[in-house]
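Undergrad: Next comes the structure file structure28.cif, holding mmCIF, C-alpha atoms and all ligand atoms.
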```
data_structure
#
loop_
_atom_site.label_atom_id
_atom_site.label_comp_id
_atom_site.auth_asym_id
_atom_site.auth_seq_id
_atom_site.Cartn_x
_atom_site.Cartn_y
_atom_site.Cartn_z
CA MET A 30 125.20 114.44 118.43
CA LYS A 31 128.30 116.28 119.60
CA THR A 32 131.69 115.65 117.96
CA PRO A 33 134.00 113.79 120.39
CA PHE A 34 136.53 115.84 122.34
CA HIS A 35 140.02 115.23 120.99
CA ILE A 36 143.36 116.59 122.18
CA MET A 37 146.49 115.99 120.10
CA LEU A 38 149.74 116.25 122.01
CA ILE A 39 152.78 116.98 119.86
CA PRO A 40 155.82 116.14 122.00
CA THR A 41 158.17 117.25 119.21
CA LEU A 42 158.12 118.39 115.61
CA GLY A 43 161.37 116.51 115.02
CA CYS A 44 161.33 113.41 112.83
CA PRO A 45 164.13 111.04 111.80
CA SER A 46 162.54 110.24 108.43
CA ASN A 47 162.31 112.57 105.50
CA CYS A 48 159.18 111.69 103.53
CA LYS A 49 159.05 113.54 100.25
CA TYR A 50 155.55 114.96 100.70
CA CYS A 51 155.70 115.71 104.42
CA TRP A 52 155.20 119.21 105.74
CA SER A 53 156.50 118.80 109.26
CA SER A 54 160.04 117.44 109.49
CA GLU A 55 162.25 119.63 111.63
CA GLU A 56 165.35 117.68 112.65
CA GLY A 57 166.57 118.49 116.14
CA SER A 58 163.33 120.20 117.12
CA PRO A 59 162.84 120.63 120.92
CA VAL A 60 160.95 118.03 122.94
CA MET A 61 158.02 118.89 125.22
CA ASN A 62 159.01 119.43 128.84
CA ILE A 63 156.99 117.42 131.37
CA GLN A 64 155.91 120.74 132.92
CA VAL A 65 153.87 121.35 129.75
CA VAL A 66 152.04 118.06 130.38
CA LYS A 67 151.29 119.21 133.93
CA ASP A 68 149.98 122.48 132.48
CA VAL A 69 147.79 120.49 130.07
CA VAL A 70 146.30 118.60 133.02
CA SER A 71 145.64 121.84 134.97
CA TRP A 72 144.10 123.48 131.93
CA LEU A 73 141.85 120.55 130.99
CA SER A 74 140.75 120.01 134.61
CA ASP A 75 138.51 123.05 134.27
CA PHE A 76 137.95 123.07 130.54
CA ARG A 77 135.45 120.30 129.82
CA ASP A 78 133.96 117.30 131.60
CA ASP A 79 133.24 114.98 128.69
CA PRO A 80 135.42 111.99 127.71
CA VAL A 81 138.58 112.92 125.86
CA THR A 82 140.82 111.07 123.43
CA ILE A 83 144.45 112.12 123.67
CA THR A 84 146.57 111.30 120.62
CA PHE A 85 150.34 111.65 120.67
CA HIS A 86 151.30 112.94 117.25
CA GLY A 87 154.27 114.60 115.64
CA GLY A 88 156.76 115.05 114.12
CA GLU A 89 157.70 111.69 115.50
CA PRO A 90 156.35 111.28 119.04
CA LEU A 91 158.62 108.35 119.95
CA LEU A 92 161.56 110.80 119.87
CA ALA A 93 160.31 112.01 123.25
CA GLY A 94 161.60 108.71 124.69
CA PRO A 95 160.38 106.33 127.41
CA ASP A 96 160.97 108.73 130.34
CA PHE A 97 158.52 111.20 128.81
CA TYR A 98 155.74 108.62 128.45
CA ARG A 99 156.47 107.04 131.83
CA GLN A 100 155.76 110.42 133.42
CA ALA A 101 153.16 111.85 131.02
CA LEU A 102 150.74 108.92 130.87
CA PRO A 103 150.03 108.61 134.62
CA LEU A 104 149.81 112.41 134.91
CA LEU A 105 147.18 112.52 132.18
CA ALA A 106 145.34 109.33 133.18
CA GLN A 107 145.04 110.26 136.85
CA GLY A 108 144.82 114.07 136.56
CA LEU A 109 142.04 113.83 133.97
CA ALA A 110 140.21 110.83 135.43
CA LYS A 111 136.91 112.73 135.25
CA ASN A 112 137.37 112.93 131.44
CA LYS A 113 137.97 109.16 131.21
CA PRO A 114 140.91 109.71 128.84
CA SER A 115 141.70 107.16 126.17
CA PHE A 116 145.03 107.35 124.37
CA ALA A 117 146.37 106.77 120.88
CA ILE A 118 149.65 107.41 119.11
CA GLN A 119 150.60 108.09 115.50
CA THR A 120 154.21 107.02 114.86
CA ASN A 121 156.47 105.68 112.11
CA LEU A 122 157.61 103.05 114.68
CA TRP A 123 161.33 103.46 113.90
CA ARG A 124 162.18 104.11 117.56
CA MET A 125 159.84 101.51 119.03
CA THR A 126 161.61 99.55 121.76
CA PRO A 127 160.41 96.79 124.10
CA GLU A 128 160.48 99.39 126.91
CA LEU A 129 158.19 101.79 125.04
CA ALA A 130 155.95 98.96 123.88
CA ASP A 131 155.50 97.81 127.49
CA ILE A 132 154.45 101.33 128.53
CA PHE A 133 151.95 101.63 125.66
CA ALA A 134 150.58 98.14 126.35
CA GLU A 135 149.95 99.09 129.99
CA TYR A 136 147.68 101.93 128.80
CA HIS A 137 146.11 99.88 125.94
CA ILE A 138 147.27 102.44 123.40
CA PRO A 139 146.37 101.64 119.78
CA ILE A 140 149.03 102.60 117.28
CA GLY A 141 148.56 104.33 113.96
CA SER A 142 151.58 104.04 111.72
CA SER A 143 152.35 104.81 108.09
CA ILE A 144 153.34 102.60 105.20
CA ASP A 145 152.59 103.31 101.56
CA GLY A 146 152.44 99.75 100.21
CA PRO A 147 155.21 97.37 99.08
CA GLU A 148 158.80 98.21 100.03
CA ASP A 149 159.77 99.79 96.70
CA ILE A 150 156.78 102.17 96.67
CA THR A 151 157.12 103.05 100.37
CA ASP A 152 160.85 103.73 100.10
CA TYR A 153 160.45 105.71 96.89
CA GLN A 154 157.99 108.04 98.62
CA ARG A 155 159.35 107.99 102.17
CA GLY A 156 163.11 107.49 101.66
CA ASP A 157 165.45 104.50 101.46
CA GLY A 158 165.19 102.14 104.41
CA TYR A 159 161.84 103.48 105.68
CA PHE A 160 159.97 100.22 105.08
CA GLN A 161 162.39 97.95 106.94
CA LYS A 162 162.70 100.33 109.90
CA THR A 163 158.92 100.60 110.26
CA MET A 164 158.43 96.84 109.94
CA ALA A 165 161.10 96.22 112.60
CA GLY A 166 159.17 98.52 114.98
CA TYR A 167 155.92 96.84 113.96
CA ARG A 168 157.28 93.45 115.01
CA VAL A 169 158.35 94.81 118.42
CA ALA A 170 154.90 96.36 118.93
CA ARG A 171 153.10 93.17 117.90
CA GLU A 172 155.24 91.06 120.22
CA HIS A 173 153.92 93.23 123.04
CA GLY A 174 150.32 92.77 121.99
CA LEU A 175 149.80 96.25 120.58
CA ASN A 176 147.18 96.89 117.93
CA ILE A 177 148.59 98.65 114.83
CA ARG A 178 146.84 100.16 111.84
CA PHE A 179 148.56 101.76 108.89
CA ILE A 180 147.88 105.00 107.08
CA CYS A 181 148.69 104.62 103.40
CA THR A 182 149.45 107.93 101.74
CA PHE A 183 148.43 107.96 98.10
CA THR A 184 150.34 110.44 95.98
CA GLY A 185 150.05 111.35 92.31
CA TYR A 186 152.73 108.67 91.83
CA SER A 187 151.37 105.82 93.93
CA GLU A 188 147.70 106.08 92.93
CA LYS A 189 148.80 104.58 89.60
CA GLN A 190 149.97 101.51 91.55
CA ARG A 191 146.74 101.08 93.48
CA GLU A 192 146.36 97.37 92.60
CA SER A 193 149.69 96.33 94.08
CA ILE A 194 149.13 98.54 97.14
CA VAL A 195 145.74 96.99 97.92
CA GLN A 196 147.17 93.50 97.33
CA PHE A 197 150.00 94.31 99.74
CA PHE A 198 147.53 95.26 102.48
CA ILE A 199 145.51 92.09 101.83
CA ASP A 200 148.61 89.88 101.88
CA GLN A 201 149.84 91.43 105.13
CA GLY A 202 146.41 91.37 106.77
CA PHE A 203 146.73 95.10 107.51
CA THR A 204 143.74 97.40 107.99
CA MET A 205 144.13 100.37 105.63
CA LYS A 206 143.46 104.00 106.31
CA LEU A 207 144.24 106.14 103.32
CA HIS A 208 145.48 109.67 103.22
CA PRO A 209 145.64 111.76 100.03
CA ALA A 210 148.97 113.64 99.75
CA LEU A 211 148.28 117.36 100.09
CA PRO A 212 150.05 120.19 98.27
CA SER A 213 153.12 121.05 100.34
CA LEU A 214 153.11 124.52 101.90
CA ARG A 215 156.90 124.49 102.17
CA SER A 216 157.97 123.32 98.73
CA GLU A 217 158.75 125.32 95.61
CA SER A 218 156.72 122.79 93.62
CA PRO A 219 153.79 122.23 96.00
CA ASN A 220 151.86 119.88 93.72
CA GLU A 221 154.75 117.56 92.88
CA TRP A 222 153.42 114.76 95.12
CA ALA A 223 149.85 115.93 95.75
CA LEU A 224 146.93 113.73 94.74
CA ALA A 225 144.61 115.79 92.52
CA PRO A 226 140.97 115.86 93.82
CA GLU A 227 139.62 114.16 90.67
CA LYS A 228 142.15 111.34 91.04
CA PHE A 229 141.26 111.08 94.73
CA GLY A 230 137.58 110.65 93.78
CA ASP A 231 138.49 107.87 91.29
CA LEU A 232 140.62 106.22 93.94
CA LEU A 233 137.82 106.26 96.52
CA VAL A 234 135.39 104.57 94.11
CA TYR A 235 138.09 102.00 93.26
CA LEU A 236 138.66 101.33 96.97
CA LEU A 237 134.93 101.00 97.58
CA ASP A 238 134.87 98.24 94.97
CA GLN A 239 137.95 96.64 96.50
CA SER A 240 136.24 96.65 99.90
CA LEU A 241 133.31 94.79 98.37
CA ASP A 242 135.36 92.45 96.14
CA HIS A 243 137.56 91.51 99.11
CA TYR A 244 134.81 91.72 101.70
CA HIS A 245 136.37 89.14 104.01
CA GLU A 246 140.00 90.08 103.37
CA ILE A 247 140.43 93.80 103.92
CA ASP A 248 139.02 96.70 105.91
CA ILE A 249 139.52 100.16 104.45
CA MET A 250 138.65 102.53 107.26
CA ASN A 251 137.86 105.56 105.10
CA ILE A 252 135.43 103.54 103.00
CA ASN A 253 133.73 102.26 106.15
CA ASP A 254 133.57 105.83 107.50
CA LEU A 255 132.08 107.17 104.26
CA VAL A 256 129.45 104.42 104.12
CA ARG A 257 128.59 105.03 107.78
CA CYS A 258 128.26 108.79 107.09
CA VAL A 259 125.75 108.23 104.30
CA PHE A 260 123.85 105.54 106.15
CA THR A 261 123.54 107.41 109.47
CA ARG A 262 123.50 110.88 107.89
CA ARG A 263 126.04 112.20 110.33
CA GLY A 264 129.80 112.70 110.10
CA ASN A 265 131.83 110.33 112.21
CA VAL A 266 135.42 111.41 111.53
CA CYS A 267 136.86 114.89 111.88
CA THR A 268 136.98 115.63 108.14
CA PHE A 269 133.21 115.13 107.96
CA ALA A 270 132.16 116.95 111.12
CA ASP A 271 132.55 120.38 112.67
CA CYS A 272 135.91 119.77 114.31
CA MET A 273 136.24 123.37 115.56
CA GLY A 274 135.83 123.68 119.30
CA ASN A 275 136.17 119.92 119.78
CA THR A 276 139.71 119.28 118.56
CA TYR A 277 142.86 121.05 119.71
CA ALA A 278 146.56 120.34 119.32
CA ILE A 279 149.21 121.25 121.86
CA GLY A 280 152.69 121.98 120.49
CA PRO A 281 155.95 121.17 122.33
CA ASP A 282 155.97 124.62 124.03
CA GLY A 283 152.34 124.39 125.19
CA SER A 284 150.91 126.49 122.36
CA ILE A 285 147.33 125.55 121.48
CA TYR A 286 146.32 125.15 117.81
CA PRO A 287 143.03 124.10 116.13
CA CYS A 288 144.62 120.80 114.93
CA TYR A 289 148.01 119.07 114.64
CA ARG A 290 148.21 120.17 111.04
CA PHE A 291 148.64 123.80 112.10
CA VAL A 292 151.32 123.12 114.74
CA GLY A 293 154.43 125.22 114.21
CA MET A 294 152.55 127.91 112.25
CA ASP A 295 152.66 130.96 114.54
CA GLU A 296 149.62 132.60 112.98
CA TYR A 297 147.44 129.69 114.17
CA VAL A 298 148.36 129.83 117.87
CA MET A 299 145.15 130.21 119.90
CA GLY A 300 146.75 130.50 123.35
CA ASN A 301 149.01 128.53 125.68
CA VAL A 302 148.07 125.86 128.20
CA ARG A 303 150.02 127.61 131.00
CA ASP A 304 147.46 130.48 130.79
CA ARG A 305 144.54 128.03 131.13
CA PRO A 306 142.36 129.67 128.46
CA THR A 307 138.60 129.07 128.53
CA GLN A 308 136.65 127.82 125.52
CA LYS A 309 135.48 131.41 125.04
CA ASP A 310 139.11 132.65 125.01
CA LEU A 311 139.98 130.12 122.31
CA ASP A 312 136.85 130.89 120.28
CA GLU A 313 137.75 134.59 120.37
CA SER A 314 141.37 134.09 119.30
CA LYS A 315 142.14 134.91 115.67
CA PRO A 316 142.43 131.23 114.62
CA GLY A 317 139.30 130.41 116.67
CA ARG A 318 137.31 133.05 114.80
CA LEU A 319 138.70 131.79 111.49
CA MET A 320 137.60 128.22 112.22
CA ASN A 321 134.11 129.41 113.19
CA ASP A 322 133.98 131.63 110.09
CA PHE A 323 134.69 128.49 108.06
CA LYS A 324 131.76 126.76 109.71
CA ALA A 325 129.48 129.69 108.83
CA TYR A 326 130.88 129.72 105.28
CA VAL A 327 130.02 126.01 104.90
CA ASP A 328 126.48 126.66 106.19
CA THR A 329 125.98 129.01 103.25
CA HIS A 330 128.23 127.61 100.55
CA CYS A 331 127.23 123.95 100.97
CA SER A 332 123.55 124.59 101.81
CA SER A 333 122.28 123.16 98.54
CA CYS A 334 124.53 120.09 98.62
CA SER A 335 122.68 116.93 99.60
CA HIS A 336 125.76 115.73 101.52
CA ASN A 337 126.22 118.83 103.67
CA LYS A 338 124.82 117.28 106.83
CA TYR A 339 127.60 114.68 107.01
CA CYS A 340 130.35 116.38 104.99
CA ARG A 341 130.43 119.89 106.49
CA GLY A 342 132.78 121.29 103.86
CA GLY A 343 135.54 118.77 104.55
CA CYS A 344 138.72 119.68 106.41
CA PRO A 345 139.16 123.37 107.36
CA TYR A 346 142.96 123.02 107.24
CA ASN A 347 142.77 121.90 103.60
CA ALA A 348 140.51 124.86 102.86
CA ILE A 349 142.29 127.59 104.83
CA ALA A 350 146.02 126.90 105.05
CA PRO A 351 146.89 126.84 101.33
CA SER A 352 145.20 130.23 100.83
CA GLY A 353 147.24 131.87 103.57
CA GLY A 354 144.45 132.01 106.16
CA GLU A 355 141.77 133.36 103.79
CA ILE A 356 138.51 131.48 103.35
CA THR A 357 138.21 131.31 99.58
CA GLY A 358 136.37 128.01 99.32
CA VAL A 359 135.68 124.70 101.00
CA ASP A 360 138.12 121.78 101.16
CA PRO A 361 139.48 121.35 97.59
CA HIS A 362 138.70 117.63 97.93
CA CYS A 363 135.01 118.53 97.63
CA ILE A 364 135.05 117.01 94.12
CA ALA A 365 136.23 113.67 95.55
CA TYR A 366 133.79 113.76 98.46
CA LYS A 367 130.83 114.47 96.16
CA ARG A 368 131.89 111.68 93.83
CA ILE A 369 132.10 109.00 96.53
CA PHE A 370 129.05 110.20 98.50
CA ASP A 371 126.99 110.18 95.26
CA GLU A 372 128.30 106.71 94.40
CA ILE A 373 127.45 105.25 97.81
CA THR A 374 124.02 106.93 97.84
CA ASP A 375 123.15 105.69 94.34
CA ARG A 376 124.23 102.14 95.10
CA MET A 377 122.44 102.13 98.42
CA ASN A 378 119.22 103.35 96.81
CA THR A 379 119.51 100.76 94.05
CA GLU A 380 120.03 97.99 96.56
CA MET A 381 117.06 99.11 98.63
CA PHE A 382 114.88 99.35 95.53
CA GLU A 383 115.92 95.90 94.31
CA ALA A 384 116.04 94.23 97.71
CA PRO A 385 113.61 91.65 98.97
CA PRO A 386 111.49 92.94 101.91
CA MET A 387 113.38 93.95 105.09
CA PHE A 388 116.82 93.84 103.40
CA GLY A 389 116.69 90.04 103.67
CA GLY A 390 119.12 89.48 100.84
CA PHE A 391 122.06 91.53 102.02
CA GLY A 392 124.14 89.14 104.03
CA PRO A 393 127.81 88.78 103.12
CA GLY A 394 128.30 86.91 99.91
CA GLN A 395 124.75 87.48 98.82
CA THR A 396 123.49 89.77 96.16
CA GLY A 397 123.87 93.46 96.79
CA THR A 398 123.78 94.84 93.31
CA GLY A 399 121.10 92.86 91.59
CA MET A 400 119.74 89.36 91.06
CA GLY A 401 122.25 86.71 90.09
CA LYS A 402 125.31 88.61 91.34
CA THR A 403 127.25 87.43 94.34
CA LYS A 404 129.29 90.55 95.13
CA PRO A 405 128.35 92.08 98.50
CA GLY A 406 126.87 95.55 98.29
CA ILE A 407 126.76 98.69 100.41
CA MET A 408 124.19 97.22 102.80
CA ALA A 409 126.35 94.16 103.37
CA LEU A 410 129.30 96.44 104.09
CA MET A 411 127.18 98.45 106.53
CA GLN A 412 126.17 95.22 108.24
CA LYS A 413 129.84 94.24 108.57
CA ILE A 414 130.72 97.67 110.01
CA ALA A 415 127.87 97.46 112.51
CA LEU A 416 129.12 94.08 113.75
CA GLN A 417 132.69 95.34 114.34
S1 LIG B 501 141.49 120.62 110.66
FE1 LIG B 501 141.11 118.84 109.33
S2 LIG B 501 142.48 117.20 110.07
FE2 LIG B 501 142.35 118.79 111.67
S3 LIG B 501 140.72 118.09 113.06
FE3 LIG B 501 139.76 119.49 111.56
S4 LIG B 501 139.06 118.15 109.88
FE4 LIG B 501 140.51 116.95 111.13
S1 LIG B 502 130.58 117.57 99.03
FE1 LIG B 502 131.43 119.62 98.65
S2 LIG B 502 129.60 120.97 98.44
FE2 LIG B 502 128.94 119.05 99.46
S3 LIG B 502 129.09 119.49 101.66
FE3 LIG B 502 131.03 118.51 101.02
S4 LIG B 502 132.40 120.22 100.54
FE4 LIG B 502 130.29 121.05 100.60
#
```
Let me see the structure of the file written as structure tokens.
TA:
Amino acid sequence: MKTPFHIMLIPTLGCPSNCKYCWSSEEGSPVMNIQVVKDVVSWLSDFRDDPVTITFHGGEPLLAGPDFYRQALPLLAQGLAKNKPSFAIQTNLWRMTPELADIFAEYHIPIGSSIDGPEDITDYQRGDGYFQKTMAGYRVAREHGLNIRFICTFTGYSEKQRESIVQFFIDQGFTMKLHPALPSLRSESPNEWALAPEKFGDLLVYLLDQSLDHYHEIDIMNINDLVRCVFTRRGNVCTFADCMGNTYAIGPDGSIYPCYRFVGMDEYVMGNVRDRPTQKDLDESKPGRLMNDFKAYVDTHCSSCSHNKYCRGGCPYNAIAPSGGEITGVDPHCIAYKRIFDEITDRMNTEMFEAPPMFGGFGPGQTGTGMGKTKPGIMALMQKIALQ
């Protein structure tokens, strides 16, 4: 099955917050002109016919202001009607206003935001006052019926406070998506906040257990995605699929990149929307060739790994960017991916081996790990995911 077509629009690289581990805060950065959005529509009109998800990302996309979205959304929705566009936005919510919330509600735009746990942990990692500003925006968004999920960035600091972070998400009724802090490409001490791959692996196993222990109380999206990957034997999020050729990011000046993570790095510009490049043009650009070289590298390097079919070497940005555009290995989080994929596979096999015929014993609250135990298992989690 083909990876879904995804366009990330980056209206600005500017951001009013100053998170300690962030790689893309450029105060006062220019905002995308509406002409660039018109160029995006012209370019995509001929580019592909399949459904597209358009995510507004940053920087902080709300800095573009209500006038930008009031013009951009109808241009994209009507101009790309054949692609049946669906929209999403990733924002810290600080600049959410009733006016913006009304616009996003009209287009049924789900919101991804970021909070790292209780106020003290969030503010320690993301700067004083971050928590309250985000929660104020959250309340405005909720009052307008918007659906919000939070990315929780785990750093080398916060992974030691995992219990209180999970409890916070349970208490708030928030769905969690976790993000491991990456080594900063712009810091003199790049690993100061990064979550080491081994620690990330431990954290994923811990969060798998939390998902099962708190089966009815919390959804951890990454755990659900990982379980779904193993169960269906296909990747279902970009990290565990061949994202190249199916995901592009458009910077504020119309430059096209392989993903939002590369935006602002000149060496990863594949073209510009005003020139309406074809897929072949993008594939033949230097970054396009690099991304496809990564795919070929994974085909060889990961060929003996039992998880290759649904892991695909992890994220190419993680693999390529820290080594200055050289392919010297797969995603350094390979250690963590192997650990959690092995864990899920082993537990799933054990459950199947111990299960009564036709998985009859795997309903929520029933045994999933052996007779006499009441903790749900992997199959119960898969059942829950399938019903969502
Ligand atoms: S480069 Fe990484 S984050 Fe970007 S789309 Fe690909 S897998 Fe996802
Ligand atoms: S777990 Fe590691 S070796 Fe296996 S496919 Fe993923 S990146 Fe490759």
Undergrad: Grab the atom CA of A:Pro361 to atom CA of A:Arg262 distance for me, in Å with one decimal place.
TA: 21.7 Å
Undergrad: Distance limit 9 Å, reference ligand LIG 501 (chain B), atoms considered: all atoms listed in the file. Which residues make the cut? Give them as number ranges by chain.
TA: A: 35, 266-273, 275-278, 287-291, 320, 343-348
Undergrad: Using all atoms listed in the file, find each residue of stretch 194-286 of chain A with at least one atom at most 12 Å away from an atom of stretch 42-47 of chain A; report its shortest atom-to-atom pair and that distance in Å (one decimal), sort the rows by chain and rising residue number, and return the result as JSON lines.
TA:
```
{"residue": "A:Ile279", "atom": "CA", "partner": "A:Leu42", "partner_atom": "CA", "distance": 11.3}
{"residue": "A:Gly280", "atom": "CA", "partner": "A:Leu42", "partner_atom": "CA", "distance": 8.1}
{"residue": "A:Pro281", "atom": "CA", "partner": "A:Leu42", "partner_atom": "CA", "distance": 7.6}
{"residue": "A:Asp282", "atom": "CA", "partner": "A:Leu42", "partner_atom": "CA", "distance": 10.7}
```
Undergrad: Just how far from atom CA of A:Cys340 is atom CA of A:Arg263, in Å to one decimal?
TA: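 Pair atom CA of A:Arg263 / atom CA of A:Cys340 returns 8.0 Å.
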Undergrad: For ligand LIG 502 (chain B), which residue out of A:Gly264, A:Gly293, A:Gly274, A:Pro405 is the nearest one, using all atoms listed in the file?
TA: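 Smallest separation from ligand LIG 502 (chain B) among the options: A:Gly264.
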Undergrad: Suppose you want the space between atom CA of A:Ser284 and atom CA of A:Phe76; what is it in Å?
TA: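 Rounded to one decimal, the two atoms are 15.7 Å apart.
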Undergrad: Counting only C-alpha atoms and all ligand atoms, which residues of chain A fall within 9 Å of ligand LIG 502 (chain B), and what is the closest atom pair for each with its distance in Å at one decimal, ordered by chain and rising number, as CSV?
TA:
```
residue,atom,partner,partner_atom,distance
A:Phe269,CA,B:LIG502,FE3,8.0
A:Val327,CA,B:LIG502,FE4,6.6
A:Asp328,CA,B:LIG502,FE4,8.8
A:His330,CA,B:LIG502,FE4,6.9
A:Cys331,CA,B:LIG502,FE4,4.2
A:Ser332,CA,B:LIG502,S3,7.5
A:Ser333,CA,B:LIG502,S2,7.6
A:Cys334,CA,B:LIG502,FE2,4.6
A:Ser335,CA,B:LIG502,FE2,6.6
A:His336,CA,B:LIG502,S3,5.0
A:Asn337,CA,B:LIG502,S3,3.6
A:Lys338,CA,B:LIG502,S3,7.1
A:Tyr339,CA,B:LIG502,S3,7.3
A:Cys340,CA,B:LIG502,FE3,4.6
A:Arg341,CA,B:LIG502,S3,5.0
A:Gly342,CA,B:LIG502,S4,3.5
A:Gly343,CA,B:LIG502,S4,5.3
A:Cys344,CA,B:LIG502,S4,8.6
A:Gly358,CA,B:LIG502,S4,8.8
A:Val359,CA,B:LIG502,S4,5.6
A:Asp360,CA,B:LIG502,S4,6.0
A:Pro361,CA,B:LIG502,S4,7.8
A:His362,CA,B:LIG502,S4,7.3
A:Cys363,CA,B:LIG502,FE1,3.9
A:Ile364,CA,B:LIG502,FE1,6.4
A:Ala365,CA,B:LIG502,S1,7.7
A:Tyr366,CA,B:LIG502,S1,5.0
A:Lys367,CA,B:LIG502,S1,4.2
A:Arg368,CA,B:LIG502,S1,8.0
A:Phe370,CA,B:LIG502,S1,7.5
```
Undergrad: For each of A:Pro90, A:Pro226, A:Pro59, A:Gly406, take the minimum atom-to-atom distance to A:Asp242, counting only C-alpha atoms, then give the residue where this is smallest.
TA: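 Using only C-alpha atoms, the shortest distance to A:Asp242 belongs to A:Gly406.
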Undergrad: Nearest to A:Gln412 among A:Arg168, A:His173, A:Arg257, A:Arg99, with distances taken over all atoms listed in the file: which residue is it?
TA: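 Smallest separation from A:Gln412 among the options: A:Arg257.
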Undergrad: Smallest atom-to-atom distance to A:Ile252: which of A:Thr120, A:Thr307, A:Ser240, A:Ser187, using all atoms listed in the file?
TA: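 Of A:Thr120, A:Thr307, A:Ser240, A:Ser187, the one nearest A:Ile252 is A:Ser240, counting all atoms listed in the file.
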Undergrad: Nearest to A:Asp75 among A:Gly108, A:Pro316, A:Gly166, A:Gly94, with distances taken over all atoms listed in the file: which residue is it?
TA: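 Once distances to A:Asp75 are computed over all atoms listed in the file, the minimum belongs to A:Gly108.
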Undergrad: List as a ChimeraX atom specification the protein and nucleic acid residues near A:Ala170, meaning an atom at most 8 Å away when all atoms listed in the file are counted, but skip any in the same chain fewer than 4 places from it.
TA: /A:125-127,130,166,174-177
Undergrad: My list of candidates is A:Gly317, A:Gly230, A:Gly146, A:Gly185. Which is closest to A:Ile199 when distances are computed with all atoms listed in the file?
TA: A:Gly146
Undergrad: Tell me which protein, DNA and RNA residues are within 9 Å of A:Trp123, counting only C-alpha atoms, leaving out same-chain ones fewer than 5 positions away, and put them as a list of chain:residue names.
TA: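 Neighbouring residues, sequence-local ones excluded: A:Pro45, A:Ser46, A:Leu91, A:Tyr159, A:Gln161, A:Lys162, A:Thr163, A:Met164, A:Ala165, A:Gly166, A:Tyr167.
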